[in-house]
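**Q** Structure provided below as structure tokens; questions to follow.
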Amino acid sequence: MKKQYISYQESLDFLYLMEKTYPNLIKIIKIGTTFEGRDIVLTKISKNVETADSKPAMLYTGSVHAREWIGHELALKFIDYVVKNQNVDPELEKSLTQSTIYMVPCLNPDGYEYSRKHFSFWRKNRRKNHDGTIGVDLNRNFSIGFVKQKDTSSNVYGGEEPFSEAETRAIKDFVDAHDNITIAFDYHSQGNVFFPAHKFMHESEEDGTDMNVLCANMNDEFAKVTGRKYGIHRGKPPAHLISGSGREYYYSKGIIAIVVEVGTKNIPDYMKSMAGSINENIPALKMAFGEVVNYSSLAPSRVEEFTIESRDATSVKLVWKYEKRDDIFFEIYRSTKDKDACNERTRIGIAGDNYFENTDLASSTNYHYTIRAVNKNSGYKSPFAPVVKVRTGLEDDEFFKLIFANKSGTGYIGQYTQEQNRSHFGLNSLFVGINKSKGICNSVMSFDFDSIPKNAIIKSARFYLYPMNRVGAKIEKFGQWNLSLLEANSFSEITDFDEIENAKAKGGIGQAIKSSQLTQGIWNSWTFSRYECEQLQEEIVNGSVTFRLDGPKTLPDGEDSQMMQFDIGYGQFGGGIHYRPILDIKYTVENEKIKLSPSTLSTISVQSITNGLKSGFDKEGNRIYGYLDFDLSQLPDPQNTIITQCALRIKNKNNFKKKSDVRYYVELVELDDVKSYNDLKNREQIEYIGYEVAESDLKLKESQYFNFDTLAKNSLDMMHQEGKTLKLVIKATSSLGINNRIVEWSEDAELIIKYIAKRRTPVASVQNFKISKENKMIKLSWDKVEDEALKGYYVVRNSFHPPHHFMDGVKIYGGKDSYTYDNFASFDKEKYYAVFSYDDVPNFSAPVTTKYNPLEKY
Ligand SMILES: [Zn+2]
């Protein structure tokens, strides 16, 4: 094929040639005639194409906007690929056997030709409007959310009424007559971003995960070809969502519908950039084509009520509902990233029963899970259950804080916008990069450390930033975006461009984002290395920390913009405070240490109990136990103290010249009466504390340390809470039957306990959690929890099930007030809310949940 954009006539010639050459695979039908009299054609592609309409199908539309040439070009290249590989690639062959592709390479032939020949920036079709202006934006002429505009000359003028245009009527009639379509792609340019369909609300839909996953899986295909990753974005708040588009029309018919915005320019350099965009989309479309059957009536039904049953620091148990069937199993997917793929890379297990336990996880980490049912016989898979977000719990000595960027210290500073820079703070999106009007733009984000104790030791940290628009980043493979931690005293005025541009960075954080990875709609995160955590920790004493994000600082000749826009959360331009930059820190604090002396030291033998600590074997080979106990009430208040480490230190007074196999163990004893030799000897429950001393150690080391293992440490912690006395026995063991061998231990034995001050249990749950309506919003309110340890309340919304923990849904609120509004909630959709109260660890209370029912009056 030629290496330049093709004309519409050449396109038709190619399609009819394909039909003629591959009559069993390809069939061209005419679905309409344009204002200027051109044929609008649709290509059916399927093995045994006469049966195409009886199989599940994928719809592809291209170049509905005249100047967005790639949709047309990609369709033709894809058809070329399919005919050449139909009997080569077994996956493709299978898909072509079981499914169908309907392709309209160019839905706007008049506009396309006008754009090619006369005015490349043309967007609409070429109809003559009643007032003499030309053109209707076809992607505003569909019925769903249609808005009638006055200005007919506008680039987004949607026509007199829905489906007033031949092109939209043609595709509508076809789609209405083909309910076998399950997935639809509408190809546009530009932005390297997927826009899944929406219902004009900002709430999760049951099939929202399906759309995100389909896009993310296509991203994995792109990565293999060009390393590129597209954004996945459902768009701005409802008022700004586009109306009357084809995507929402297809979606209204139950079709998974996605707009793909390809490339960084409407009409990119064909050989330099367009070819790569096409090359990456071909395997992605092929993969998506393979999914078509999974959204048809042939596929198993979706798993229901997928949720978390329990979780701790290192494991999560997931449960769901599904009819018990021998021919069904489940695939479970997990990722720590937002909107990640669900494929071989992220499939962590399969299950036959309706639960799955995921172990060996990292503490205090966000995991995203989803699941699909698979039919063993057909191989067909169900749609995905809505993603469940889980944050694993904390280890005993850990705390975490999610710190949000503060308003006054967060904004962008432009080289040519010196006068306005101050006013950007807390209001405008974060622009980072360079363009002709603003010059170089840096962004700064500041975080207060008042919730972190001065003695914190940072164990891990992540920085999250939400990229909201990448349309201004117009150059492929140019520049990178770097996050760095600024030295606190290296700038004095945060809103001054030169000060920030020249501020000294302590170092970069994580990996820079390359231009190919600028993904709007997908949370970006930077993980701090061990060294970067230390640098962050040094800033705690300053009470706050400031990060700078900077991008490219020059533009190649002839280019005007390489600018990325991130959300600040605040102000009228953002997606709400949920989208603020976040610093997620897991830390511990320095341990306190206490040394306890034993209250009792004794030696228990068959004959007697004597003072002093000895252990070994008597003359008859009977065991002699050394016994010691400790009063744990010397430790601080158990409700606010957690034991992190423990060791028993004892010194031996004698040792032996002759070698033996005797080894000494310490056991934790839970007997009421340890004075009875037989009780001690015959007790069933024995708990080793996990460390042993060989006889050779008696000579080599001055003191013997018996370190408690996790189970023993946990038992000790429990005994402290229950106000019990710690009872230990030193027991000699031998496999050879030794006698007359006794070690005498010195009286200055001590128990060395390390602990931290940390609240053990959450504050009480709230009471009287209520829903009301106020100012056209859902209002949630509850009674205050009177407790000094209370740090705030956390409110979460979940559209599918009652939230089980604080990350299980969309965060609505976090703070000290006893009410909040859900700004974006729809009155028409059922949903659940939960409120959690939390302390400074934070420990979260059990959820208090309520269901919003659209039929009820509030
Ligand atoms: Zn477009």
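Going by the structure tokens order, chains are called A, B, ..., each with residues numbered from 1, while ligands are numbered from 1 in the order shown.
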Using only C-alpha atoms and all ligand atoms, what are the residues with an atom within 10 Å of ligand 1, set out as JSON, numbers by chain?

**A** {"A": [62, 63, 64, 65, 66, 67, 68, 69, 71, 123, 124, 137, 138, 139, 186, 187, 188, 189, 190, 259, 260, 261, 262, 266]}

**Q** May I have the residues from that selection written out with N, CA, C and O atoms, as a compact mmCIF listing (two decimals), in the first residue's frame?

**A**
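Here's the written file part_22.txt:
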```txt
# COMPACT_ATOMS: atom_id res chain seq x y z
N GLY A 62 -14.98 4.93 11.32
CA GLY A 62 -13.81 5.80 11.22
C GLY A 62 -14.14 7.12 10.58
O GLY A 62 -15.12 7.23 9.82
N SER A 63 -13.34 8.11 10.90
CA SER A 63 -13.38 9.43 10.25
C SER A 63 -14.78 10.04 10.18
O SER A 63 -15.16 10.63 9.17
N VAL A 64 -15.52 9.92 11.27
CA VAL A 64 -16.80 10.62 11.35
C VAL A 64 -16.54 12.12 11.37
O VAL A 64 -17.34 12.91 10.89
N HIS A 65 -15.38 12.50 11.89
CA HIS A 65 -14.90 13.87 11.76
C HIS A 65 -13.94 13.94 10.57
O HIS A 65 -12.97 13.18 10.51
N ALA A 66 -14.25 14.85 9.67
CA ALA A 66 -13.56 14.87 8.38
C ALA A 66 -12.04 14.91 8.48
O ALA A 66 -11.34 14.20 7.77
N ARG A 67 -11.53 15.74 9.37
CA ARG A 67 -10.09 15.97 9.43
C ARG A 67 -9.34 14.87 10.19
O ARG A 67 -8.12 14.91 10.31
N GLU A 68 -10.09 13.93 10.75
CA GLU A 68 -9.45 12.89 11.56
C GLU A 68 -9.26 11.66 10.68
O GLU A 68 -10.02 10.71 10.73
N TRP A 69 -8.24 11.74 9.86
CA TRP A 69 -8.06 10.79 8.77
C TRP A 69 -7.67 9.39 9.20
O TRP A 69 -7.81 8.44 8.46
N GLY A 71 -8.85 7.21 11.26
CA GLY A 71 -9.88 6.18 11.39
C GLY A 71 -10.10 5.45 10.08
O GLY A 71 -10.23 4.21 10.03
N ARG A 123 -14.20 19.65 9.86
CA ARG A 123 -14.60 18.63 10.82
C ARG A 123 -15.97 18.02 10.49
O ARG A 123 -16.21 16.83 10.66
N LYS A 124 -16.88 18.87 10.01
CA LYS A 124 -18.29 18.45 9.87
C LYS A 124 -18.53 17.74 8.53
O LYS A 124 -17.61 17.50 7.77
N ASP A 137 -21.92 18.70 12.64
CA ASP A 137 -21.01 17.77 13.34
C ASP A 137 -21.76 16.46 13.54
O ASP A 137 -22.67 16.38 14.36
N LEU A 138 -21.37 15.45 12.79
CA LEU A 138 -22.11 14.18 12.84
C LEU A 138 -22.06 13.56 14.23
O LEU A 138 -22.99 12.88 14.65
N ASN A 139 -20.99 13.82 14.94
CA ASN A 139 -20.87 13.23 16.28
C ASN A 139 -21.61 14.04 17.34
O ASN A 139 -21.39 13.86 18.54
N ASP A 186 -15.31 3.75 17.80
CA ASP A 186 -15.41 4.89 16.91
C ASP A 186 -14.03 5.56 16.93
O ASP A 186 -13.61 6.07 17.98
N TYR A 187 -13.34 5.53 15.79
CA TYR A 187 -11.96 6.01 15.75
C TYR A 187 -11.87 7.47 15.35
O TYR A 187 -12.37 7.88 14.31
N HIS A 188 -11.21 8.25 16.22
CA HIS A 188 -10.99 9.67 16.03
C HIS A 188 -9.52 9.99 16.22
O HIS A 188 -8.71 9.13 16.55
N SER A 189 -9.18 11.27 16.07
CA SER A 189 -7.89 11.76 16.52
C SER A 189 -8.17 13.15 17.15
O SER A 189 -9.16 13.76 16.78
N GLN A 190 -7.40 13.62 18.17
CA GLN A 190 -6.17 13.06 18.60
C GLN A 190 -6.15 13.08 20.12
O GLN A 190 -7.04 13.61 20.75
N VAL A 259 -14.78 5.41 22.18
CA VAL A 259 -14.12 6.30 21.21
C VAL A 259 -12.62 6.16 21.42
O VAL A 259 -12.14 6.17 22.56
N VAL A 260 -11.89 5.99 20.33
CA VAL A 260 -10.43 5.93 20.42
C VAL A 260 -9.88 7.16 19.72
O VAL A 260 -10.16 7.38 18.54
N GLU A 261 -9.16 7.96 20.47
CA GLU A 261 -8.53 9.16 19.90
C GLU A 261 -7.07 8.81 19.67
O GLU A 261 -6.30 8.64 20.61
N VAL A 262 -6.69 8.73 18.41
CA VAL A 262 -5.37 8.24 18.06
C VAL A 262 -4.42 9.38 17.70
O VAL A 262 -4.83 10.34 17.04
N ASN A 266 -4.23 15.90 14.47
CA ASN A 266 -5.30 15.41 13.61
C ASN A 266 -4.75 14.67 12.41
O ASN A 266 -5.19 13.59 12.06
```

**Q** If we count only C-alpha atoms and set the cut-off at 8 Å, which residues sit around stretch 819-827 of chain A, ignoring sequence neighbours fewer than 3 positions away in its own chain? Please answer as a ChimeraX atom specification.

**A** /A:201-203,237,777-782,812-813,854

**Q** Could those residues be written to a file, using C-alpha atoms, as a PDB file, in the first residue's frame?

**A**
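Result file part_23.pdb:
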```
ATOM      1  CA  MET A 201     -23.515  10.646  35.264  1.00  0.00           C
ATOM      2  CA  HIS A 202     -20.329  10.266  37.179  1.00  0.00           C
ATOM      3  CA  GLU A 203     -21.144   6.986  38.777  1.00  0.00           C
ATOM      4  CA  PRO A 237     -18.178  16.164  35.107  1.00  0.00           C
ATOM      5  CA  MET A 777     -27.464  16.897  46.065  1.00  0.00           C
ATOM      6  CA  ILE A 778     -27.466  13.820  48.246  1.00  0.00           C
ATOM      7  CA  LYS A 779     -26.529  14.811  51.760  1.00  0.00           C
ATOM      8  CA  LEU A 780     -25.159  12.341  54.263  1.00  0.00           C
ATOM      9  CA  SER A 781     -25.055  13.062  57.955  1.00  0.00           C
ATOM     10  CA  TRP A 782     -24.305  11.254  61.181  1.00  0.00           C
ATOM     11  CA  ILE A 812     -16.844  11.060  49.088  1.00  0.00           C
ATOM     12  CA  TYR A 813     -15.394  12.643  52.171  1.00  0.00           C
ATOM     13  CA  PRO A 854     -34.127   6.169  43.935  1.00  0.00           C
TER      14      PRO A 854
END
```

**Q** Point out the residue among A:Ile70, A:Ala288, A:Met807, A:Val541 with the least atom-to-atom distance to A:Gly263, counting only C-alpha atoms.

**A**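 Nearest candidate to A:Gly263 out of A:Ile70, A:Ala288, A:Met807, A:Val541: A:Ile70.
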
**Q** Compile the contact shell of stretch 476-489 of chain A as a PDB file with N, CA and C atoms, in the first residue's frame: residues with an atom at most 7 Å away, counting only C-alpha atoms, same-chain residues fewer than 6 positions apart removed.

**A**
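Result file follows (part.pdb):
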```pdb
ATOM      1  N   THR A 264      -1.233  12.366  18.192  1.00  0.00           N
ATOM      2  CA  THR A 264      -1.152  13.635  18.908  1.00  0.00           C
ATOM      3  C   THR A 264      -1.486  14.819  18.008  1.00  0.00           C
ATOM      4  N   ALA A 503      15.050  26.384  41.763  1.00  0.00           N
ATOM      5  CA  ALA A 503      15.115  25.754  43.088  1.00  0.00           C
ATOM      6  C   ALA A 503      15.916  24.459  42.984  1.00  0.00           C
ATOM      7  N   LYS A 504      16.589  24.142  44.071  1.00  0.00           N
ATOM      8  CA  LYS A 504      17.442  22.966  44.054  1.00  0.00           C
ATOM      9  C   LYS A 504      16.627  21.720  44.424  1.00  0.00           C
ATOM     10  N   ALA A 505      16.761  20.708  43.602  1.00  0.00           N
ATOM     11  CA  ALA A 505      16.056  19.451  43.899  1.00  0.00           C
ATOM     12  C   ALA A 505      16.958  18.563  44.740  1.00  0.00           C
ATOM     13  N   LYS A 506      16.392  17.977  45.800  1.00  0.00           N
ATOM     14  CA  LYS A 506      17.168  16.994  46.569  1.00  0.00           C
ATOM     15  C   LYS A 506      17.402  15.763  45.721  1.00  0.00           C
ATOM     16  N   GLY A 507      16.461  15.546  44.808  1.00  0.00           N
ATOM     17  CA  GLY A 507      16.596  14.397  43.917  1.00  0.00           C
ATOM     18  C   GLY A 507      15.298  14.135  43.207  1.00  0.00           C
ATOM     19  N   GLY A 508      15.396  13.370  42.148  1.00  0.00           N
ATOM     20  CA  GLY A 508      14.188  12.961  41.428  1.00  0.00           C
ATOM     21  C   GLY A 508      13.489  11.856  42.194  1.00  0.00           C
ATOM     22  N   ILE A 509      12.208  11.702  41.935  1.00  0.00           N
ATOM     23  CA  ILE A 509      11.439  10.644  42.583  1.00  0.00           C
ATOM     24  C   ILE A 509      10.983   9.657  41.515  1.00  0.00           C
ATOM     25  N   ALA A 512      10.729   9.081  35.573  1.00  0.00           N
ATOM     26  CA  ALA A 512      10.097  10.162  34.806  1.00  0.00           C
ATOM     27  C   ALA A 512       9.043   9.552  33.878  1.00  0.00           C
ATOM     28  N   ILE A 513       8.015  10.358  33.555  1.00  0.00           N
ATOM     29  CA  ILE A 513       7.017   9.885  32.582  1.00  0.00           C
ATOM     30  C   ILE A 513       7.471  10.330  31.199  1.00  0.00           C
ATOM     31  N   LYS A 514       7.549   9.383  30.296  1.00  0.00           N
ATOM     32  CA  LYS A 514       7.869   9.735  28.912  1.00  0.00           C
ATOM     33  C   LYS A 514       6.598  10.206  28.228  1.00  0.00           C
ATOM     34  N   SER A 515       6.755  10.934  27.138  1.00  0.00           N
ATOM     35  CA  SER A 515       5.564  11.455  26.456  1.00  0.00           C
ATOM     36  C   SER A 515       4.653  10.321  25.986  1.00  0.00           C
ATOM     37  N   SER A 516       5.223   9.177  25.700  1.00  0.00           N
ATOM     38  CA  SER A 516       4.399   8.051  25.239  1.00  0.00           C
ATOM     39  C   SER A 516       3.554   7.444  26.360  1.00  0.00           C
ATOM     40  N   THR A 546       7.703  20.100  49.556  1.00  0.00           N
ATOM     41  CA  THR A 546       7.252  20.614  48.265  1.00  0.00           C
ATOM     42  C   THR A 546       7.900  19.819  47.131  1.00  0.00           C
ATOM     43  N   PHE A 547       7.058  19.427  46.187  1.00  0.00           N
ATOM     44  CA  PHE A 547       7.534  18.719  45.001  1.00  0.00           C
ATOM     45  C   PHE A 547       7.360  19.614  43.786  1.00  0.00           C
ATOM     46  N   ARG A 548       8.235  19.427  42.827  1.00  0.00           N
ATOM     47  CA  ARG A 548       8.106  20.140  41.560  1.00  0.00           C
ATOM     48  C   ARG A 548       7.945  19.108  40.443  1.00  0.00           C
ATOM     49  N   LEU A 549       7.032  19.389  39.552  1.00  0.00           N
ATOM     50  CA  LEU A 549       6.905  18.566  38.356  1.00  0.00           C
ATOM     51  C   LEU A 549       7.298  19.449  37.182  1.00  0.00           C
ATOM     52  N   ASP A 550       8.297  19.038  36.441  1.00  0.00           N
ATOM     53  CA  ASP A 550       8.656  19.816  35.262  1.00  0.00           C
ATOM     54  C   ASP A 550       8.731  18.924  34.042  1.00  0.00           C
ATOM     55  N   GLY A 551       8.635  19.554  32.888  1.00  0.00           N
ATOM     56  CA  GLY A 551       8.590  18.804  31.633  1.00  0.00           C
ATOM     57  C   GLY A 551       9.578  19.352  30.639  1.00  0.00           C
ATOM     58  N   PRO A 552       9.318  19.160  29.363  1.00  0.00           N
ATOM     59  CA  PRO A 552      10.228  19.681  28.343  1.00  0.00           C
ATOM     60  C   PRO A 552      10.313  21.203  28.415  1.00  0.00           C
TER      61      PRO A 552
END
```

**Q** Write out as a count of residues only each polymer residue whose atoms come within 6 Å of A:Ala647, counting only C-alpha atoms; drop sequence neighbours fewer than 5 positions from it.

**A** 5
